[in-house]
Each structure stands twice: as structure tokens, then as C-alpha cells.
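Everything on this sheet refers to the single structure shown next.
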Amino acid sequence: MSASEDVAYVDHPLLAPSFIERRLYQIRLAGTARDGHTLVCLPTGLGKTTVSLLVTAQRLHDVGGKSLFLAPTKPLVQQHADFYREALTVPDDEIVVFTGDVRPDDRAELWQEAQIVIATPQVIENDLIGNRISLRDVTHLTFDECHRASGDYAYVYIAERYHADAENPLVTGMSASPGGDEEAILEVCENLGIVDVEVMTEEDADVSEYTHDTDVEWNRIQLPDEILEIRDALNEVITDRLEKLKQLGVTKSTKPDISQKKLNRMRAELQRLMNADKSEGYKGMSTHAEVMKLRRAVELVETQSVESVRRYFERQRNAARSSGASKASQRLVAEPKVREAMRKAESFDGLHPKFRKTRILLAETLGIQNGERVIVFTESRDTAEALTEFLSESFSVRRFVGQGDREGSDGMTQNEQQETLDKFRNGEFEVLVSTSVAEEGLDVPEVDLVLFFEPVPTAIRSIQRKGRTGRQADGRVVVLLAEDTRDEAYFWISRRREKTMQNELRDLKGAADDLEAELDPSQRDLSAFAGDDASSAGSAGSSTGNEGVDAASEGDANGASATASSASNGRTATAAATDSDGQSGLADFGPSDEALARADDGDDSHGEDADPGDDPASDAEGDEVDDSATVAAAGTDDEDTVEIVVDQRELDSNIARTLSKREDLTTRLETLAVGDYVLSDRVAVERKSVSDFLDTLTGGDRSIFEQIADLTRHYARPLLVIEGRGLYEERNIHPGAIRGALSSVAVDFDVSVLFTEDEDDTAELLATIATREQTDRERTVSVHGGKSAKTLDEQQEYVVSAIADIGPVTARTLLEAFGSVEAVMTANEEDLKEVRGVGQVTAERIREVVGSEYR
């Protein structure tokens, strides 16, 4: 159905009428993603979110269940939620947002009723680890900006759990830039369980009419002698440190511009020496840390600003003064050449040439060319703040940075970020100076100029930044490049990687086309999303513009970010009703055979909903600290299941993730008042990495002895686990002091000290102890010393379980038999022995504890 003669819209029961414009390429992509786990690659600004929205609507209509949409930042999550609420006929209160701003218990309740959940991945990861939600009924999972799915990023863990737990999974990954080479792209696919790749480039006929040219200009800058002198002083120190590493045999080059790849190899070799307990490995690693700090300072002074390197030096000085400072930090600020560079930076009163060039380019764009908006991207928050202050003298400027506070710099809250973008969109200021937080997917308004303050060494980020212009008109991109600096290297690296990525995408596109040709043509039937007027699909599909989406998102043709979908288990368009011309229409798709079978059995077509939870640079976030104990709403009712309670602050490690993936135990998240892990009613564990342990000896909020004392007050069998190597080598702390601390923990506090190699080793140890306690010893998990108020029953069980260390199981049995704590305390020995599980010895012990005189 069409709202005008020129524009046709997609018609579907779950889509708002005359809202989603019908574009041929989006329909093709949605058709593929509907039928299998698919990676959708589409240039920035061409509506990846619309593709996923179409799949979501079809999936919920045919299969039921719920849809989960993941985006990497809070602003993106809110942006996508707004778009979904406008574009779908699903009630607004069934499209819910999950970020760390929503309490965990509230999320568990919201998950039950929601049809669509739009969330940051860290929150979903936390809720899965805490056993608050289940992915069983999620029939469609979207990974927006899916190129992040590598390493320890939450996408990887969530995808693994989804494929293992969901009854009817379908994944859609969305990105304009999935990876720098074939290996990286395939890694993303493997980590997300993706088997099909759909690629469309600006060269495709279906896409080209919606794209505009974006010229990239490289503007070369010469650095003044004063800045070069600061750099040269730092490079001398780098050369000296590399000479020391050369003597250890881990490098042949001593050039200060040594590549990062060689530095990584050097670190691996030093790690090998450390693993062999060779002292030169530890010394070399400390020297290597100095080199890395110095290289960062050189990069700042060359490519950013003198002000940014001033702030960097100040942070290094503060770090060196702090208790427990690393040897690398202490040596760095004491080095004469470094101190000389610091003095030169402090006394420099000139202007970095990049600042001057930025002002000229903005004057050309906003003044001479009558432009309206400019975005300036920079790597450094220090530079962003200095640049904002400098440009404010001539233009209306605002900064846009991440949410995390840093030394000397406050982050922006989610509300502040949204307010800034709204004002920029409404023309209340002209220039947005942003760090990487605005690169990915945000509904940033069309701009006249994107200025890179420095080249970006990755193809992904370069493509993301360029996507802020050239969406609805020809755009301009300018990159500032300081000659004979790291900018030069990044320039060539970026060009090579971007070209490689484009070639890889073309190769993948060819492979995808070959695969598509082998599938049943009905699975690629474009009219599946055509609505009632399927006969006019051809002409409607080529209509221009995207006014429907633009009206909803106030200026972004993308509308929002990419969404994922779930597998159709072999269901194809041939199962659908057809229009009079024999072509399937989206609005006519009825429920699948599987859904009908569930209906016959009396099941709800949506299934049974199970329950569900910023890195400063990326605005990703974890849970807000919640003082109330969190019940495992999605947990098992099997009393024999081994359970481990994890403190929320332990989510920085991989231990909780590793434990949560085991089938033989469940994890539960709480904010523990004492300890990091609770393994039974009597065993709690305080885990310390080697660095953490040494930190507690040299200062901080609480010493190790305070923490251990708290642990012993609340648990009968407390444990201290120290994880990692280099206990005596990492810090400038006398070995005797470390041994004295360990001796005090073991002897004075009667706490066992256990050592583990790494996080995996720690996870195995925790699982072994928990299993031994709860299975072999038949003890249950009981959290003691919690800040939160326990229920009356829990308090009564806690009091009775503390008597002679009888534990919670026997406590509950006694309370059920006698009816109150008072009755248990006054019961005689014979009455106690009548209770199941209480023998002569236990009865005598209870009477001894209750009736003996306190001395």
C-alpha cells in the first residue's frame, strides 16, 4: 500500500502503516536473513536497522517468542528502541530497554512480559551469568555493529549461550565494516554462529541510487621545531630501553618507531621467560612497559596536541607518587630526558598546527560555503576537550565523549549525550568534537564535513567515521596528517586495510551469490515483503528517498542499528499463502506448522517467557550496584544443582562467564558484603590477582587483613586465592613483607591460601570446591554478612544454622519441627534427637552452645 504515487511502503500486520519505505535491496537482505543465521553487510546510512526490523516482524508473526536486539552503547539502545516503537504495532510497554540504569530485579520482571528487548550486551551477559534470564524463548537475536564480536567482548559469550539454550534460534549480525580481512570477518561469523553472508556495496545497482559521493582529502601538516624537540627527547629514551631489551635477546631493532607487531612479539618472548621463572623476564617486562608508555607520549605530541601530552605526563607523575606504583612508572618520571621533555611541554606556549588547520577548515565550511554542521573526530579525550575550548572562541562547539570519568575529565551521562545530539540535530550549535563514541551507528545528523584530527589505523573505524556524511548529499571528509610521524604509518595502514576489506567483501559477496543461487528461489522471493500490491513490486522497489524512516528518526536514513534474526528451521516461503499472481506476500504469511502444533497443544504462540541484567571509551556498561540480594529467577528448581554465588564486581574477569557455561552448576549474581565467591554455607573465597594482592599491602581503601577479618567473621572456612605469577617480582615490595603477610593470613586468621595459574585455573578450583561442599558434604549455599535485609525466615535460619556450625539444611529442619528460634534454643536433648538429621552428637553440641556459661 502506498501513501503517495511515488513511494511504496512495506505492509505487514506488525508494521505501522505507511512507515517503512519499500527498498529492493533491503527486501533482498531481509529475505535471506529470515531463513538462516546471516551476516548483513550494508554501507552506513542505508538502513541496516530496517532490514533487521523486517526480519523481526516476520519472525514474531510466524514463530512467536521474543526478539532480543543488542547494541554496544546506551545511546544506540535508546535510539533503536525509539525507532522500533514507532515502526511496529507492538505495544510500547512490550518493547523494553535494558541498560545498567535498570535494576537487575526489575529487568527480571520486565523480561517476562516483553516481546522485544533492546539492550547493551554487558547487561544481558550479566543477567545470563546471574541466572536471571533465559534465552530459551528468544527466536530472533540481533547483534548490531557485530564486528565487535571478538576476544572477550560480551557478544561472543551471548552468542555461545544463545545457540546452546534457545529452542528455535536465529542470528542476524549487522555491520557496515565486519572486519579488516577475511580472517577477521570469518572470526566474527564463527563467534556468532553465522553461516550465510549477504553483502551489498555502493556499487550495487539497487544501492547506488541511495548513495552519494564522499571525497576524502588528505591534508599534510608540518610540525614546528619545538614539538619535534619534545618528541626527539622521548625517542632517545625509547632507544635506550630497547637497547636493554636487545641485550636480553628479545629484539634486534632499537629504532623508536619499531612496529607494534614487533613489540607484541617482544612481549610474548618476555612472557615465555617469565613462565620459566627467569628473573630477566620480569625485568624485561617492566622495561617493555616503559617503552609502551613512552610511545604513547610520542604519539600524543606528534599527532594530537602538546596539551594532551602535558595531561598525560601529569597522570604519570601522579601514578608514580601513588602507593604501590609500578617500577616502570617510577623510572619513567625519574628519567632525566623524560623530565626534560616534560619541561619543554610545560613551557610550550604555541599552537599545534593541527589546531590552526582545523579552525581554517571549519571557517571554510561554515562560513564561505554556508555549511551547517561539522563533526571533528579525535582519538584523545584530552585533545577533544582542548580542541573544544580552542574552537569555542570562533564557533558554537560542544564535546561528545564517553560516560566514564577519568583523572581530570568528567564523562557524559546518557542523558547528556542524548541532549547534545538533539541540540546538534536541531542546529543549536555548529561543531561536534567527538571521541570514538559517536563513530558507530548513532543517529548523528547529516553533516557537511567530517574532519579526522588524525588517521585511524583500522579500516572498520575509518568506514564508520566516514559514514557520518554523504548520506543524503555529497559529503566531504578531511584527514589531517602530520608528516614524518605515526600519522604517516596509520595513513598507509588504514588505506591498505580498507582496500583489503573492500576486496574481501567483494569475494564474500561472490561466495554469497553462489550460495544464494543454490537455494530454493522461493526463499529469495522479493515480494515476500511486498504487501497486498505485490503486482506493483517492481516499480515500487526502485522508489527513491526514505522519508518514512527519516520522519521517525529525525534525519538518519538508517533509522537505527542492525537487528538479528533466528533460524526458521527449514521453513520457506512455500509454506505461505500466495497472492493472486502466485507470489508470496508478507502480510499473508500465516503461522508455521510448528506454531500450529503448539496451538493445538494449548500452548501460547509466544512460548513461556523466562526471566532476565561503560567502558569509558565505548560507553558499554555493567550492572548498577544493587544492595539487595538478587534471586535467580531463571534458576533451576533442582535441589541437587551445584550453585556458586558471584560478587558483581568479579564480572571484570572471565571466571563467572566460564562457570556459567558449565552444565553441572549454576551461577547467581549478588553484591556481596564480604568475599568474591560463596561456595557453601561455610566456604567463601576472596580472590586476588597478584597485582590486587600487592595493592592491598601498600594502601587502598581496605587492607588485605581487613578483608580477611570480615571473611572469617561470617564464614567458618574462608579461603584466599591468589591468581597469577610474579608475586615477588612485580612490585618494589620486599619479599619478606609479602611472606609476612601470607603468614599472618594463614596463622593469625586461620585462612587457607591457595595459588592458581590464571582465571581458568581459578574457575576449575572454585567448581571443584563447590561440588565437594554441596554434593559430597551435602551443604547448601548461604550468603552471610550481606548488606541487604533478609526476610524473617532467612534471619531465623541464619541464627539457628550458626549454632555449632550445623548449617542451613538442619536449621530449616529444626525450625519446621519446633516452630520458632526460641523453641529450638529451649528444647532438651531428647526432643532434639527426635528431629530428622539430628543425632546424639549434634544434640549434645547444640545444648552445649546454648546452655554453657559465657566466659
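Scheme for the C-alpha cells: letters A, B, ... for chains in order shown; per-chain residue numbers from 1; ligand numbers from 1 in order shown.
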- Test item: residues at most 7 Å from Gly193 (chain A), only C-alpha atoms, excluding those fewer than 3 positions along its chain, as a ChimeraX atom specification: /A:37,189-190
- Message: Run DSSP on the backbone and tell me which residues of region 725-773 of chain A come out as helix (DSSP H, G or I); list them as a VMD selection string.
- Response: chain A and resid 735 to 748 759 to 773
Take the residues that were just selected and, keeping N, CA, C and O atoms, output them as a short mmCIF file (atom, residue, chain, number, x, y, z; two decimals), in the first residue's frame.
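The resulting selection_24.cif:
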data_model
loop_
_atom_site.label_atom_id
_atom_site.label_comp_id
_atom_site.auth_asym_id
_atom_site.auth_seq_id
_atom_site.Cartn_x
_atom_site.Cartn_y
_atom_site.Cartn_z
N PRO A 735 60.42 -9.05 49.50
CA PRO A 735 59.83 -10.39 49.61
C PRO A 735 59.47 -10.77 51.04
O PRO A 735 58.49 -11.47 51.27
N GLY A 736 60.26 -10.27 52.00
CA GLY A 736 59.96 -10.59 53.39
C GLY A 736 58.61 -10.05 53.82
O GLY A 736 57.89 -10.68 54.61
N ALA A 737 58.25 -8.86 53.32
CA ALA A 737 56.96 -8.28 53.66
C ALA A 737 55.82 -9.11 53.08
O ALA A 737 54.77 -9.29 53.72
N ILE A 738 56.02 -9.62 51.86
CA ILE A 738 54.98 -10.45 51.23
C ILE A 738 54.82 -11.75 52.01
O ILE A 738 53.70 -12.19 52.31
N ARG A 739 55.94 -12.38 52.37
CA ARG A 739 55.87 -13.64 53.13
C ARG A 739 55.22 -13.39 54.49
O ARG A 739 54.46 -14.23 54.99
N GLY A 740 55.54 -12.24 55.10
CA GLY A 740 54.94 -11.93 56.39
C GLY A 740 53.43 -11.80 56.29
O GLY A 740 52.70 -12.27 57.17
N ALA A 741 52.95 -11.17 55.21
CA ALA A 741 51.51 -11.02 55.01
C ALA A 741 50.84 -12.37 54.82
O ALA A 741 49.78 -12.65 55.41
N LEU A 742 51.45 -13.23 54.00
CA LEU A 742 50.90 -14.56 53.78
C LEU A 742 50.87 -15.37 55.08
O LEU A 742 49.90 -16.09 55.35
N SER A 743 51.93 -15.26 55.87
CA SER A 743 51.99 -15.98 57.14
C SER A 743 50.89 -15.51 58.08
O SER A 743 50.24 -16.31 58.76
N SER A 744 50.66 -14.20 58.13
CA SER A 744 49.63 -13.65 59.01
C SER A 744 48.24 -14.14 58.60
O SER A 744 47.43 -14.51 59.45
N VAL A 745 47.99 -14.15 57.29
CA VAL A 745 46.69 -14.63 56.80
C VAL A 745 46.46 -16.08 57.22
O VAL A 745 45.38 -16.44 57.70
N ALA A 746 47.49 -16.91 57.07
CA ALA A 746 47.34 -18.34 57.36
C ALA A 746 47.33 -18.63 58.85
O ALA A 746 46.51 -19.44 59.32
N VAL A 747 48.23 -18.00 59.61
CA VAL A 747 48.39 -18.35 61.02
C VAL A 747 47.49 -17.52 61.93
O VAL A 747 46.76 -18.05 62.77
N ASP A 748 47.52 -16.19 61.76
CA ASP A 748 46.75 -15.33 62.66
C ASP A 748 45.25 -15.40 62.41
O ASP A 748 44.45 -15.28 63.34
N GLU A 759 42.88 -17.37 35.29
CA GLU A 759 41.44 -17.35 35.54
C GLU A 759 40.80 -18.71 35.32
O GLU A 759 39.91 -19.12 36.06
N ASP A 760 41.23 -19.43 34.28
CA ASP A 760 40.67 -20.76 34.02
C ASP A 760 40.97 -21.70 35.18
O ASP A 760 40.11 -22.50 35.60
N ASP A 761 42.18 -21.62 35.70
CA ASP A 761 42.57 -22.46 36.84
C ASP A 761 41.73 -22.11 38.06
O ASP A 761 41.27 -22.99 38.80
N THR A 762 41.51 -20.81 38.28
CA THR A 762 40.67 -20.38 39.40
C THR A 762 39.25 -20.91 39.27
O THR A 762 38.65 -21.39 40.23
N ALA A 763 38.69 -20.82 38.06
CA ALA A 763 37.33 -21.31 37.83
C ALA A 763 37.22 -22.79 38.14
O ALA A 763 36.25 -23.24 38.78
N GLU A 764 38.20 -23.58 37.71
CA GLU A 764 38.18 -25.01 37.98
C GLU A 764 38.27 -25.29 39.47
O GLU A 764 37.60 -26.18 40.00
N LEU A 765 39.10 -24.53 40.16
CA LEU A 765 39.23 -24.71 41.60
C LEU A 765 37.92 -24.40 42.32
O LEU A 765 37.48 -25.16 43.19
N LEU A 766 37.28 -23.28 41.95
CA LEU A 766 36.01 -22.91 42.58
C LEU A 766 34.95 -23.98 42.34
O LEU A 766 34.18 -24.34 43.25
N ALA A 767 34.88 -24.47 41.09
CA ALA A 767 33.89 -25.50 40.77
C ALA A 767 34.14 -26.78 41.57
O ALA A 767 33.20 -27.41 42.05
N THR A 768 35.40 -27.14 41.73
CA THR A 768 35.75 -28.35 42.47
C THR A 768 35.35 -28.23 43.94
O THR A 768 34.74 -29.14 44.52
N ILE A 769 35.67 -27.09 44.55
CA ILE A 769 35.33 -26.90 45.97
C ILE A 769 33.82 -26.85 46.16
O ILE A 769 33.27 -27.47 47.09
N ALA A 770 33.12 -26.13 45.29
CA ALA A 770 31.66 -26.02 45.41
C ALA A 770 31.00 -27.39 45.28
O ALA A 770 30.08 -27.73 46.03
N THR A 771 31.46 -28.17 44.32
CA THR A 771 30.90 -29.51 44.11
C THR A 771 31.16 -30.39 45.33
O THR A 771 30.28 -31.13 45.80
N ARG A 772 32.37 -30.31 45.85
CA ARG A 772 32.73 -31.11 47.03
C ARG A 772 31.86 -30.73 48.22
O ARG A 772 31.37 -31.59 48.96
N GLU A 773 31.65 -29.42 48.42
CA GLU A 773 30.86 -28.95 49.54
C GLU A 773 29.39 -29.33 49.40
O GLU A 773 28.77 -29.82 50.34
#
Long-range neighbours of Trp218 (chain A) as an mmCIF file with N, CA and C atoms, in the first residue's frame, 7 Å cut-off, only C-alpha atoms, 6 positions minimum in chain:
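So the final result, stored in selection-v2.cif, reads:
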data_model
loop_
_atom_site.group_PDB
_atom_site.id
_atom_site.type_symbol
_atom_site.label_atom_id
_atom_site.label_comp_id
_atom_site.auth_asym_id
_atom_site.auth_seq_id
_atom_site.Cartn_x
_atom_site.Cartn_y
_atom_site.Cartn_z
ATOM 1 N N VAL A 478 37.903 15.178 5.491
ATOM 2 C CA VAL A 478 39.278 15.675 5.503
ATOM 3 C C VAL A 478 40.022 14.976 6.632
ATOM 4 N N VAL A 479 41.209 14.482 6.318
ATOM 5 C CA VAL A 479 42.056 13.828 7.315
ATOM 6 C C VAL A 479 43.327 14.648 7.480
ATOM 7 N N LEU A 480 43.629 15.049 8.707
ATOM 8 C CA LEU A 480 44.867 15.772 8.992
ATOM 9 C C LEU A 480 45.985 14.771 9.252
ATOM 10 N N LEU A 481 47.127 15.006 8.614
ATOM 11 C CA LEU A 481 48.222 14.043 8.675
ATOM 12 C C LEU A 481 49.522 14.789 8.957
#
- Task: Between A:Ala827, A:Val800, A:Met266, A:Ile360, single out the one closest to Lys246 (chain A), counting only C-alpha atoms.
- Result: A:Met266
- Message: Taking 5 positions as the minimum chain separation for residues in the same chain, which residues sit within 9 Å of Leu711 (chain A) when counting only C-alpha atoms? Answer as JSON, numbers by chain.
- Response: {"A": [674, 675, 684, 685, 686, 706, 716, 717, 718, 719, 785]}
Which residues of region 299-325 of chain A come within 8 Å of region 341-349 of chain A, and for each one, what is the closest pair of atoms and their distance in Å to one decimal, counting only C-alpha atoms, sorted by chain and residue number, as a Markdown table?
| residue | atom | partner | partner_atom | distance |
| --- | --- | --- | --- | --- |
| A:Val306 | CA | A:Ala345 | CA | 6.2 |
| A:Glu307 | CA | A:Ala345 | CA | 7.8 |
| A:Val309 | CA | A:Ala345 | CA | 7.4 |
| A:Arg310 | CA | A:Ala345 | CA | 6.1 |
| A:Phe313 | CA | A:Met342 | CA | 6.8 |
- Note on the structure: Pairwise distance, CA of Lys293 (chain A) with CA of Leu234 (chain A), equals 10.3 Å
- Message: Show me, as a list in words, the residues that have an atom within 8 Å of Met285 (chain A) when counting only C-alpha atoms, minus same-chain residues fewer than 4 positions from it.
- Response: Arg267, Leu270, Gln271, Gly281 and Ala289 of chain A
Neighbouring residues of Arg668 (chain A) were defined as those with any atom within 7 Å, considering only C-alpha atoms; residues of the same chain fewer than 6 positions away were excluded. Please report them as an mmCIF file with N, CA, C and O atoms, in the first residue's frame.
data_model
loop_
_atom_site.group_PDB
_atom_site.id
_atom_site.type_symbol
_atom_site.label_atom_id
_atom_site.label_comp_id
_atom_site.auth_asym_id
_atom_site.auth_seq_id
_atom_site.Cartn_x
_atom_site.Cartn_y
_atom_site.Cartn_z
ATOM 1 N N ILE A 129 24.818 -14.658 33.365
ATOM 2 C CA ILE A 129 25.716 -15.176 34.392
ATOM 3 C C ILE A 129 24.994 -15.281 35.725
ATOM 4 O O ILE A 129 25.157 -16.257 36.470
ATOM 5 N N GLY A 130 24.162 -14.280 36.026
ATOM 6 C CA GLY A 130 23.415 -14.282 37.277
ATOM 7 C C GLY A 130 22.183 -15.161 37.270
ATOM 8 O O GLY A 130 21.455 -15.208 38.255
ATOM 9 N N ASN A 131 21.945 -15.835 36.149
ATOM 10 C CA ASN A 131 20.819 -16.769 36.050
ATOM 11 C C ASN A 131 19.480 -16.066 36.235
ATOM 12 O O ASN A 131 18.527 -16.633 36.746
ATOM 13 N N ALA A 632 17.660 -15.847 41.830
ATOM 14 C CA ALA A 632 17.884 -16.392 40.499
ATOM 15 C C ALA A 632 16.544 -16.771 39.894
ATOM 16 O O ALA A 632 16.096 -17.911 39.951
ATOM 17 N N ILE A 644 27.018 -21.459 42.644
ATOM 18 C CA ILE A 644 28.078 -20.570 43.101
ATOM 19 C C ILE A 644 27.545 -19.143 43.054
ATOM 20 O O ILE A 644 27.047 -18.701 42.021
ATOM 21 N N VAL A 645 27.634 -18.447 44.175
ATOM 22 C CA VAL A 645 27.232 -17.048 44.226
ATOM 23 C C VAL A 645 28.448 -16.198 43.909
ATOM 24 O O VAL A 645 29.518 -16.361 44.509
ATOM 25 N N VAL A 646 28.287 -15.273 42.945
ATOM 26 C CA VAL A 646 29.390 -14.464 42.449
ATOM 27 C C VAL A 646 29.129 -12.996 42.788
ATOM 28 O O VAL A 646 28.025 -12.501 42.574
#
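Distance annotation: of A:Val291, A:Leu128, A:Val188, A:Val841, the residue with the minimal separation from Leu245 (chain A) is A:Val291; atom set is only C-alpha atoms.
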- Task: as a PyMOL selection string, please: all residues of region 190-326 of chain A that backbone DSSP puts in strand (DSSP E or B).
- Result: chain A and resi 196-199+214-221
- Of the residues A:Val77, A:Ile116, A:Ala166, A:Leu451, which is the one nearest to Ser134 (chain A), using only C-alpha atoms? A:Ala166
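Counting from CA of Arg59 (chain A), the distance to CA of Thr38 (chain A) is 14.1 Å.
With CA of Thr378 (chain A) on one side and CA of Arg265 (chain A) on the other, the separation reads 28.4 Å.
Shortest separation to Glu217 (chain A) among A:Phe69, A:Phe491, A:Pro91, A:Met412 occurs at residue A:Phe491, atoms counted being only C-alpha atoms.
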